[in-house]
Each structure stands twice: as C-alpha cells, then as structure tokens.
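S.K.: Got work-v6.cif for you, mmCIF, C-alpha atoms:
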data_query
loop_
_atom_site.label_atom_id
_atom_site.label_comp_id
_atom_site.auth_asym_id
_atom_site.auth_seq_id
_atom_site.Cartn_x
_atom_site.Cartn_y
_atom_site.Cartn_z
CA SER A 30 0.00 0.00 0.00
CA MET A 31 2.75 2.44 0.93
CA VAL A 32 4.84 1.50 -2.10
CA PHE A 33 1.85 2.20 -4.34
CA GLY A 34 1.55 5.64 -2.76
CA VAL A 35 5.15 6.42 -3.63
CA ALA A 36 4.69 5.02 -7.14
CA ALA A 37 1.65 7.25 -7.72
CA PHE A 38 3.76 10.35 -7.12
CA VAL A 39 6.77 9.08 -9.07
CA VAL A 40 5.15 7.73 -12.26
CA GLY A 41 2.03 9.90 -12.31
CA THR A 42 1.66 11.82 -15.57
CA MET A 43 -1.38 13.94 -14.78
CA THR A 44 -2.26 16.94 -16.92
CA GLU A 45 -5.15 19.37 -16.69
CA GLU A 46 -6.59 17.84 -19.87
CA ARG A 47 -6.68 14.40 -18.26
CA LEU A 48 -8.07 15.61 -14.94
CA PRO A 49 -11.81 15.59 -15.89
CA LEU A 50 -11.50 12.13 -17.45
CA LEU A 51 -9.94 10.63 -14.35
CA ILE A 52 -12.52 12.20 -12.04
CA MET A 53 -15.35 10.96 -14.27
CA ALA A 54 -13.83 7.46 -14.36
CA LEU A 55 -13.88 7.42 -10.55
CA ALA A 56 -17.43 8.74 -10.40
CA ILE A 57 -18.83 6.25 -12.90
CA ALA A 58 -17.01 3.24 -11.43
CA LEU A 59 -18.13 3.93 -7.85
CA SER A 60 -21.69 4.83 -8.88
CA LEU A 61 -21.93 1.52 -10.74
CA LEU A 62 -21.05 -0.26 -7.49
CA SER A 63 -23.91 1.60 -5.85
CA VAL A 64 -26.26 0.54 -8.65
CA LEU A 65 -25.06 -3.04 -8.15
CA SER A 66 -25.93 -2.75 -4.46
CA LEU A 67 -29.42 -1.44 -5.29
CA LEU A 68 -29.95 -4.33 -7.70
CA GLY A 69 -29.34 -6.64 -4.76
CA TYR A 70 -32.78 -5.68 -3.50
CA LEU A 71 -34.29 -7.07 -6.70
CA ASN A 72 -32.16 -10.13 -7.35
CA SER A 73 -31.20 -12.71 -4.72
CA SER A 74 -28.15 -13.89 -6.67
CA ILE A 75 -26.71 -10.38 -6.76
CA ALA A 76 -27.58 -9.90 -3.09
CA ALA A 77 -25.61 -13.03 -2.17
CA HIS A 78 -22.46 -11.51 -3.69
CA VAL A 79 -23.03 -7.96 -2.43
CA PHE A 80 -24.71 -8.24 0.98
CA TYR A 81 -23.42 -11.71 2.04
CA GLY A 82 -26.55 -12.44 4.05
CA THR A 83 -26.48 -9.10 5.90
CA ASP A 84 -28.26 -5.77 5.46
CA ARG A 85 -25.01 -3.93 4.63
CA SER A 86 -23.49 -3.69 1.16
CA TYR A 87 -19.92 -4.91 0.70
CA ALA A 88 -19.92 -3.97 -3.02
CA THR A 89 -16.57 -5.47 -4.12
CA PHE A 90 -14.70 -4.79 -0.87
CA LYS A 91 -13.81 -6.99 2.11
CA ASN A 92 -16.32 -5.34 4.42
CA PRO A 93 -18.96 -2.56 4.34
CA ASN A 94 -16.79 -0.09 6.26
CA GLN A 95 -14.17 -0.21 3.51
CA TYR A 96 -16.85 0.47 0.90
CA GLY A 97 -18.15 3.41 2.92
CA MET A 98 -14.63 4.73 3.43
CA VAL A 99 -13.90 4.76 -0.31
CA LEU A 100 -17.17 6.57 -1.02
CA SER A 101 -16.63 9.20 1.68
CA THR A 102 -13.07 9.81 0.42
CA THR A 103 -14.01 10.42 -3.22
CA LEU A 104 -17.48 11.97 -2.82
CA PRO A 105 -16.40 15.58 -2.01
CA MET A 106 -14.30 15.78 -5.16
CA ILE A 107 -17.09 14.30 -7.30
CA ILE A 108 -19.60 16.81 -5.92
CA ALA A 109 -17.18 19.69 -6.53
CA PHE A 110 -16.69 18.48 -10.10
CA ALA A 111 -20.47 18.36 -10.63
CA VAL A 112 -20.60 22.02 -9.58
CA VAL A 113 -17.87 23.30 -11.91
CA THR A 114 -18.44 21.25 -15.05
CA SER A 115 -21.28 21.56 -17.58
CA GLY A 116 -23.35 19.68 -20.13
CA ARG A 117 -23.51 15.89 -20.15
CA MET A 118 -20.49 15.63 -17.90
CA GLN A 119 -22.23 17.68 -15.22
CA ILE A 120 -25.38 15.52 -15.41
CA THR A 121 -23.29 12.35 -15.21
CA ALA A 122 -21.29 13.64 -12.24
CA ALA A 123 -24.43 14.76 -10.39
CA VAL A 124 -26.21 11.43 -10.95
CA SER A 125 -23.06 9.57 -9.89
CA ALA A 126 -22.86 11.62 -6.68
CA VAL A 127 -26.48 10.78 -5.79
CA ALA A 128 -25.84 7.10 -6.52
CA MET A 129 -22.73 7.18 -4.33
CA LEU A 130 -24.75 8.72 -1.49
CA LEU A 131 -27.23 5.86 -1.77
CA GLY A 132 -24.32 3.42 -1.77
CA LEU A 133 -23.02 5.04 1.40
CA ILE A 134 -26.41 4.51 3.03
CA LEU A 135 -26.44 0.87 1.89
CA SER A 136 -22.96 0.30 3.34
CA GLY A 137 -24.34 1.18 6.77
CA SER A 138 -21.00 2.70 7.83
CA LYS A 139 -22.01 5.06 10.64
CA ALA A 140 -18.72 6.96 10.93
CA ASN A 141 -18.47 7.52 7.17
CA LEU A 142 -22.10 8.62 6.97
CA LEU A 143 -21.51 11.27 9.62
CA LEU A 144 -18.20 12.35 8.10
CA SER A 145 -19.69 12.63 4.63
CA GLY A 146 -22.65 14.64 5.85
CA ALA A 147 -20.37 17.11 7.61
CA ASN A 148 -17.96 17.23 4.66
CA ILE A 149 -20.66 17.92 2.08
CA MET A 150 -22.02 20.79 4.16
CA VAL A 151 -18.52 22.26 4.65
CA LEU A 152 -17.78 21.86 0.93
CA SER A 153 -21.00 23.64 -0.04
CA MET A 154 -20.30 26.55 2.29
CA LEU A 155 -16.70 26.89 1.13
CA ILE A 156 -17.79 26.97 -2.52
CA VAL A 157 -20.28 29.71 -1.67
CA ILE A 158 -17.61 31.69 0.19
CA VAL A 159 -15.21 31.38 -2.75
CA TYR A 160 -17.80 32.23 -5.43
CA PHE A 161 -19.90 35.01 -3.87
CA ARG A 162 -19.03 38.37 -2.33
CA GLY A 163 -20.79 40.80 0.01
CA GLN A 164 -24.45 40.40 0.83
CA ARG A 165 -24.91 37.75 -1.88
CA ARG A 166 -22.56 35.50 0.07
CA PHE A 167 -24.76 35.58 3.19
CA LEU A 168 -27.88 34.98 1.12
CA ALA A 169 -26.24 32.05 -0.66
CA LEU A 170 -25.05 30.60 2.66
CA SER A 171 -28.62 30.72 3.93
CA VAL A 172 -29.88 28.95 0.81
CA VAL A 173 -27.14 26.29 1.08
CA THR A 174 -28.01 25.70 4.74
CA VAL A 175 -31.69 25.18 3.92
CA LEU A 176 -30.87 22.90 0.99
CA GLY A 177 -28.41 20.98 3.16
CA LEU A 178 -31.06 20.38 5.81
CA CYS A 179 -33.49 19.22 3.12
CA ALA A 180 -30.86 16.87 1.70
CA LEU A 181 -30.18 15.53 5.20
CA ALA A 182 -33.88 14.88 5.74
CA ALA A 183 -34.08 13.09 2.37
CA SER A 184 -31.05 10.96 3.24
CA VAL A 185 -32.55 10.00 6.60
CA TRP A 186 -35.80 9.08 4.87
CA ALA A 187 -33.91 6.96 2.34
CA MET A 188 -32.02 5.22 5.15
CA THR A 189 -35.23 4.29 6.96
CA ILE A 190 -36.31 2.49 3.76
CA LEU A 191 -33.04 1.04 2.45
CA ASN A 192 -31.26 0.25 5.71
CA PRO A 193 -33.52 0.59 8.78
CA ARG A 194 -31.07 -1.17 11.10
CA ALA A 195 -28.33 1.30 10.18
CA PHE A 196 -30.75 4.14 10.89
CA GLU A 197 -31.49 2.69 14.32
CA LEU A 198 -27.78 2.35 15.08
CA LEU A 199 -27.09 5.85 13.79
CA THR A 200 -29.69 7.36 16.09
CA ALA A 201 -28.10 5.49 18.97
CA PHE A 202 -24.70 6.62 17.76
CA ILE A 203 -25.59 10.29 18.22
CA ASP A 204 -27.73 9.81 21.36
CA ALA A 205 -25.72 10.25 24.55
CA ASP A 206 -28.25 8.23 26.56
CA ARG A 207 -27.95 5.13 24.38
CA THR A 208 -25.05 2.76 23.74
CA VAL A 209 -23.79 1.22 20.51
CA PRO A 210 -22.30 -2.28 20.80
CA SER A 211 -19.67 -1.58 18.14
CA LEU A 212 -18.40 1.43 20.11
CA ASN A 213 -18.07 -0.63 23.28
CA SER A 214 -16.21 -3.31 21.32
CA ARG A 215 -13.84 -0.73 19.81
CA GLN A 216 -13.00 0.71 23.22
CA HIS A 217 -11.99 -2.77 24.38
CA ILE A 218 -9.92 -3.31 21.22
CA TYR A 219 -8.18 0.03 21.78
CA ALA A 220 -7.30 -0.93 25.36
CA VAL A 221 -5.88 -4.30 24.30
CA SER A 222 -3.92 -2.72 21.43
CA TRP A 223 -2.36 -0.19 23.78
CA GLU A 224 -1.37 -2.97 26.20
CA VAL A 225 0.32 -4.87 23.38
CA PHE A 226 2.19 -1.71 22.35
CA ILE A 227 3.39 -1.07 25.92
CA ALA A 228 4.61 -4.65 26.12
CA ASN A 229 6.50 -4.33 22.79
CA PRO A 230 7.27 -0.62 22.40
CA MET A 231 10.30 -0.75 20.11
CA PHE A 232 9.23 -3.02 17.27
CA GLY A 233 5.68 -4.12 18.13
CA GLU A 234 4.44 -7.65 17.62
CA GLY A 235 4.97 -7.68 13.86
CA ALA A 236 3.15 -6.41 10.78
CA GLY A 237 -0.05 -8.23 9.89
CA GLN A 238 -0.56 -9.80 13.31
CA THR A 239 -4.17 -10.24 14.38
CA ILE A 240 -5.43 -9.01 17.72
CA GLN A 241 -7.27 -11.32 20.12
CA VAL A 242 -9.81 -9.73 22.41
CA GLU A 243 -11.00 -11.44 25.57
CA PRO A 244 -13.22 -12.80 27.00
CA ASP A 245 -14.64 -14.50 23.89
CA GLY A 246 -11.24 -14.65 22.21
CA GLU A 247 -12.48 -13.14 18.93
CA LEU A 248 -9.73 -12.31 16.45
CA PHE A 249 -9.59 -8.97 14.63
CA SER A 250 -7.35 -8.22 11.66
CA HIS A 251 -6.61 -4.68 12.89
CA SER A 252 -7.06 -2.35 15.85
CA HIS A 253 -9.78 -0.18 14.27
CA ASN A 254 -7.49 2.83 14.66
CA ILE A 255 -4.63 3.51 12.28
CA LEU A 256 -2.24 4.92 14.91
CA LEU A 257 -2.92 2.17 17.46
CA ASP A 258 -2.59 -0.49 14.77
CA TYR A 259 0.80 0.76 13.62
CA ALA A 260 1.91 1.14 17.24
CA ARG A 261 0.78 -2.39 18.08
CA THR A 262 2.34 -4.04 15.03
CA LEU A 263 5.43 -1.88 14.31
CA GLY A 264 6.10 -0.18 17.65
CA VAL A 265 7.42 3.35 18.02
CA PRO A 266 8.77 3.57 14.42
CA GLY A 267 5.35 2.68 13.02
CA LEU A 268 3.52 5.03 15.35
CA VAL A 269 5.82 7.96 14.59
CA GLY A 270 5.82 7.33 10.84
CA MET A 271 2.04 7.08 10.53
CA SER A 272 1.50 10.03 12.89
CA VAL A 273 3.74 12.20 10.71
CA LEU A 274 1.93 11.08 7.54
CA CYS A 275 -1.58 11.71 8.93
CA ALA A 276 -0.67 15.02 10.57
CA THR A 277 1.04 16.25 7.40
CA VAL A 278 -1.89 15.35 5.14
CA VAL A 279 -4.53 16.88 7.43
CA GLY A 280 -2.47 19.98 8.28
CA PHE A 281 -1.51 20.69 4.68
CA ALA A 282 -5.08 20.14 3.48
CA ILE A 283 -6.51 22.56 6.07
CA LEU A 284 -3.90 25.23 5.33
CA SER A 285 -4.52 24.83 1.61
CA ILE A 286 -8.26 25.27 2.03
CA LEU A 287 -7.71 28.46 4.03
CA ALA A 288 -5.34 29.78 1.36
CA ILE A 289 -7.79 28.92 -1.44
CA VAL A 290 -10.58 30.81 0.31
CA LEU A 291 -8.37 33.91 0.32
CA LEU A 292 -7.47 33.63 -3.38
CA ARG A 293 -8.92 36.14 -5.83
CA GLN A 294 -7.91 36.20 -9.50
CA ARG A 295 -6.95 32.57 -9.98
CA ASN A 296 -8.48 29.54 -11.64
CA PRO A 297 -11.95 29.13 -9.99
CA VAL A 298 -12.44 25.60 -11.34
CA LEU A 299 -9.24 24.31 -9.78
CA ARG A 300 -10.07 26.11 -6.54
CA TYR A 301 -13.33 24.18 -6.12
CA LEU A 302 -11.81 20.85 -7.16
CA THR A 303 -8.82 21.32 -4.88
CA ILE A 304 -11.10 21.98 -1.91
CA GLY A 305 -13.05 18.80 -2.71
CA ALA A 306 -9.90 16.68 -2.98
CA ALA A 307 -8.49 18.20 0.23
CA LEU A 308 -11.68 17.38 2.14
CA GLY A 309 -11.62 13.84 0.75
CA SER A 310 -8.04 13.36 1.98
CA ILE A 311 -9.03 14.58 5.44
CA ASN A 312 -12.04 12.28 5.39
CA TYR A 313 -9.91 9.19 4.79
CA VAL A 314 -7.60 9.97 7.69
CA ALA A 315 -10.57 10.70 9.97
CA ALA A 316 -12.32 7.48 8.96
CA ASN A 317 -9.18 5.51 9.83
CA SER A 318 -9.41 6.73 13.40
CA SER A 319 -12.36 4.40 14.06
CA SER A 320 -12.27 1.85 11.24
CA GLU A 321 -8.66 1.31 10.24
CA SER A 322 -8.21 0.09 6.68
CA PHE A 323 -5.01 1.68 5.40
CA GLY A 324 -4.39 -1.29 3.15
CA PRO A 325 -4.43 -1.98 -0.60
CA SER A 326 -8.25 -2.29 -0.74
CA THR A 327 -8.90 1.35 0.15
CA SER A 328 -5.61 3.25 0.28
CA VAL A 329 -5.39 3.24 -3.52
CA PHE A 330 -8.30 5.69 -3.49
CA PHE A 331 -6.67 7.76 -0.77
CA TRP A 332 -3.40 8.04 -2.67
CA LEU A 333 -5.25 8.89 -5.86
CA VAL A 334 -7.34 11.66 -4.25
CA LEU A 335 -4.27 12.96 -2.40
CA PHE A 336 -2.25 12.93 -5.63
CA LEU A 337 -4.97 14.90 -7.43
CA PHE A 338 -5.13 17.33 -4.52
CA LEU A 339 -1.38 17.97 -4.66
CA PHE A 340 -1.46 18.22 -8.46
CA MET A 341 -4.22 20.84 -8.43
CA HIS A 342 -2.59 22.65 -5.50
CA GLY A 343 0.58 22.91 -7.56
CA ARG A 344 -1.36 24.41 -10.45
CA LEU A 345 -2.84 27.04 -8.15
CA PHE A 346 0.21 28.01 -6.14
CA GLY A 347 3.17 26.76 -8.16
CA ALA A 348 4.59 27.38 -11.58
CA GLY A 349 1.35 26.19 -13.19
CA GLN A 350 -0.81 28.92 -11.68
CA ARG A 351 -0.64 30.95 -14.92
CA VAL A 352 -2.35 28.15 -16.87
CA GLY A 353 -5.77 29.37 -17.95
CA THR A 354 -9.05 27.76 -16.95
CA ARG A 355 -9.57 26.55 -20.50
CA SER A 356 -6.74 24.03 -20.06
CA VAL A 357 -9.06 22.08 -17.75
CA SER A 358 -10.91 20.85 -20.78
CA SER A 359 -13.82 18.67 -21.79
CA GLY A 360 -16.83 20.37 -20.34
CA VAL A 361 -15.29 22.44 -17.56
CA PRO A 362 -16.15 26.08 -18.19
CA ALA A 363 -13.99 29.10 -17.53
#
What's the structure tokens form of this structure?
M.R.:
Amino acid sequence: SMVFGVAAFVVGTMTEERLPLLIMALAIALSLLSVLSLLGYLNSSIAAHVFYGTDRSYATFKNPNQYGMVLSTTLPMIIAFAVVTSGRMQITAAVSAVAMLLGLILSGSKANLLLSGANIMVLSMLIVIVYFRGQRRFLALSVVTVLGLCALAASVWAMTILNPRAFELLTAFIDADRTVPSLNSRQHIYAVSWEVFIANPMFGEGAGQTIQVEPDGELFSHSHNILLDYARTLGVPGLVGMSVLCATVVGFAILSILAIVLLRQRNPVLRYLTIGAALGSINYVAANSSSESFGPSTSVFFWLVLFLFLFMHGRLFGAGQRVGTRSVSSGVPA
C-alpha cells in the first residue's frame, strides 16, 4: 500500500486535460457499485455476492466499512466536479454523486455517513464563500443551509427504507443516553492494542498480526485505529511514521483550504476541485481513526485523491498557476 503511494507520485503523468477524465472514471465506477448494491434488492443472486446475508453492502470490498470509506473519500471531489463542469459531464457527475450517497447509506457505515454529511455541508459553504461576495454571500449561505437540511432529511428518509437497522444504530450513535455495541467493542480493542504496544514498544508484535480480544477470544485483523494499529504491530517507528503522515496530510489540506478561500484572481475551477480533494483526503484519515483500513483495498483511493489534490494545489500556487481555466478541458467552463 505504501509502495503504491510512492509510485503514484513518481510515475504519475497527470495533466489538466486528463483531470476531468480521471474524475469521471472514478465517479462512474463507484456509482456503478452503488447501482449493483441497489440491484441486490431485486435479485437474490446479486444480493448473495453484495450483501453476504447481511443488510449492509460490501460492493466489491472486504467489508462494508471499507466500501463506505472509499465513497466518503471520493465523494467531495465528485460533488465539486459536478458544480464546476457543464453539459452531459455535469449531469453524469451529479447522478453519480447521488448514486454514491445511496451506496453510502447501503454500506451502513455510521462513521463515514456522519463524516460525509459534515464534509458535504462544509464543501457547499466553502464553494459559496469562494464564489460570492458581500451580501450575496450571506444569502447564498442561507440557501445552502436550507438545501443541506433538506438533503439531510431526504437521506434519513432513504435510510429508513433502504437500511432501517443502520438508521437505528445511527440514532443510537448520536444519542448520549444510548449505547452502541460496536463502540463498546472498539473501546476494548483500543485498550488491548495499547497494552500490546506497551509490552512491545520498540518493534511491536509484527506487521499483519491479528489481535485477540477477551473474553470470547475473537480475532480482529486490525485495531480499528490507524495509529494504534501501527503502534501495536510496528512499535514506536510505526507510530511515529504514521502520525507524521496523517498530521502532514490533514495539516496541509486545512492550510490549503484556508489559502484557497483567500485567493482572488486565480483559476476558480481548480479552486473548487482542490477543496473537494483536500476534504476527501481529510475524510480518509478521519475514517481511519475508528475503522482502520489503510491497506491496498482502500488506500489506492486515498493516494489517488491525495495525488490529485497535490497536483491541483501545484497548479494554483506553483509554476502552473498561470495556466488558464480553459486548459481544464472537456466540459469544464472558464
């Protein structure tokens, strides 16, 4: 997974002309997985390969949380692209984004649902702040807030139909007076992982080692927290290395978003897309704090979104900032 991340930066040959095609390829591929999940409601054979006898969609991933993590990582960039593009490409991107939202509901991943909801609202407000000025900005923020609440209500309604158990767990998840079994289980896993790290602080117990949690002795493939997992398996070197990576990605993404908001006469299309990719990168790191999956199944999407974020950031702030909006071709207007 880490080697692929390095390879993406070394051999990547991204250009502004290829940018819309790559984003659309991501959008269409992930929306098709969501359509496949929806078809599982109509066909038992498809359901057997998508839901595996549960009410949560795995799509083509090892578990539903991985599917939800991939969707929450890529969704902000897809939504931003749907805002800035036009014509058939805009329609395709918008439909893909809606399908991905439905896929996120079908995955039943509580953390990624909450993260995506917050991220979409933040993305919408940032786009308004970047695009509008003066009193129009406050009016637009009000409209976005109302539309966001309506979208939230529609999503909750869809969840009650498509995944009622996930809705029940989500309400418990945000209710301080109720408990969620998965949260209690994670707290126990965290405690055991920390004990293993304290017992083997220098080199951990070895990469890929499972974690056994008493009293039932159930085995877990990871610690459900990226920092604890690297500390448990690779000791201090793993903990420090992953902490530096996560802190750098999140810190640089936040600083970049703040800088983009302050920009004036620069490429507006790349500004919106860069914000979306930055939020997606933050989302992946945040999701790994409660459902660790920094492996080849999901990290390929993280590296790809991060690579696009850095590429577009370079065009805005580096030598490529003089490139005109028209160079982002194929349906993306100036």
S.K.: Skip range 128-139 of chain A itself and residues of its chain fewer than 5 positions away, then list as a VMD selection string all residues within 9 Å of it, counting all atoms listed in the file.
M.R.: chain A and resid 56 59 to 64 66 to 67 84 to 88 92 to 98 100 to 101 104 123 144 to 145 184 to 185 187 to 188 191 to 192 194 to 196 198 to 199 202
S.K.: Could you check how far CA of Leu152 in chain A sits from CA of Ile190 in chain A, in Å to one decimal?
M.R.: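 If I compute the distance from CA of Leu152 in chain A to CA of Ile190 in chain A, I get 27.0 Å.
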S.K.: Starting from the PyMOL selection byres ((chain A and resi 227-240) around 6), expand the selection into actual residues of this file and give them as a list in words.
M.R.: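 For this structure, the PyMOL selection byres ((chain A and resi 227-240) around 6) resolves to Glu224, Val225, Phe226, Gln241, Leu248, Phe249, Ser250, Arg261, Thr262, Leu263, Gly264 and Val265 of chain A.
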S.K.: Applied to this file, what does the PyMOL selection byres ((chain A and resi 333) around 12) return in terms of residues, put as a ChimeraX atom specification?
M.R.: /A:30,33-38,41,43,48,51-52,55,99,102-103,106,306-307,309-310,313,327-332,334-340
S.K.: So the first atom is CA of Leu302 in chain A and the second is CA of Ile57 in chain A; what is the distance between them in Å, to one decimal place?
M.R.: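 Those two atoms sit 17.2 Å apart.
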S.K.: For a quick check of understanding, using only C-alpha atoms, which of A:Ala315, A:Leu142, A:Met53, A:Ile255 has the smallest distance to Phe110 in chain A?
M.R.: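 Smallest separation from Phe110 in chain A among the options: A:Met53.
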S.K.: What is the distance, in Å and to one decimal place, between CA of Val32 in chain A and CA of His342 in chain A?
M.R.: 22.7 Å
S.K.: Which of these residues is nearest to Ser153 in chain A, using only C-alpha atoms: A:Ala126, A:Ile75, A:Ile304, A:Val278?
M.R.: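 Closest to Ser153 in chain A of all the choices is A:Ile304.
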S.K.: Enclose the full set of atoms of range 75-79 of chain A listed in the file within a box whose edges lie along x, y and z, apply 5 Å of padding to each of the six sides, and report centre and edge lengths in Å to one decimal as JSON.
M.R.:
{"center_x": -25.0, "center_y": -10.5, "center_z": -4.5, "size_x": 15.1, "size_y": 15.1, "size_z": 14.6}
S.K.: Could you state which residues are captured by the PyMOL selection byres ((chain A and resi 292) around 12) in this file, as a PDB file with C-alpha atoms, in the frame of the given file?
M.R.:
ATOM      1  CA  ILE A 158     -17.610  31.690   0.190  1.00  0.00           C
ATOM      2  CA  VAL A 159     -15.210  31.380  -2.750  1.00  0.00           C
ATOM      3  CA  TYR A 160     -17.800  32.230  -5.430  1.00  0.00           C
ATOM      4  CA  SER A 285      -4.520  24.830   1.610  1.00  0.00           C
ATOM      5  CA  ILE A 286      -8.260  25.270   2.030  1.00  0.00           C
ATOM      6  CA  LEU A 287      -7.710  28.460   4.030  1.00  0.00           C
ATOM      7  CA  ALA A 288      -5.340  29.780   1.360  1.00  0.00           C
ATOM      8  CA  ILE A 289      -7.790  28.920  -1.440  1.00  0.00           C
ATOM      9  CA  VAL A 290     -10.580  30.810   0.310  1.00  0.00           C
ATOM     10  CA  LEU A 291      -8.370  33.910   0.320  1.00  0.00           C
ATOM     11  CA  ARG A 293      -8.920  36.140  -5.830  1.00  0.00           C
ATOM     12  CA  GLN A 294      -7.910  36.200  -9.500  1.00  0.00           C
ATOM     13  CA  ARG A 295      -6.950  32.570  -9.980  1.00  0.00           C
ATOM     14  CA  ASN A 296      -8.480  29.540 -11.640  1.00  0.00           C
ATOM     15  CA  PRO A 297     -11.950  29.130  -9.990  1.00  0.00           C
ATOM     16  CA  LEU A 299      -9.240  24.310  -9.780  1.00  0.00           C
ATOM     17  CA  ARG A 300     -10.070  26.110  -6.540  1.00  0.00           C
ATOM     18  CA  TYR A 301     -13.330  24.180  -6.120  1.00  0.00           C
ATOM     19  CA  LEU A 345      -2.840  27.040  -8.150  1.00  0.00           C
ATOM     20  CA  PHE A 346       0.210  28.010  -6.140  1.00  0.00           C
ATOM     21  CA  GLN A 350      -0.810  28.920 -11.680  1.00  0.00           C
TER      22      GLN A 350
END
S.K.: Counting all atoms listed in the file, which of A:Asn72, A:Met31, A:Lys91, A:Pro49 gets nearest to Ser326 in chain A?
M.R.: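 Distance minimum relative to Ser326 in chain A lands on A:Lys91.
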S.K.: Residues within 12 Å of range 165-176 of chain A, please, as a ChimeraX atom specification. Count all atoms listed in the file; anything in the same chain fewer than 6 positions from it doesn't count.
M.R.: /A:147,149-159,182-183
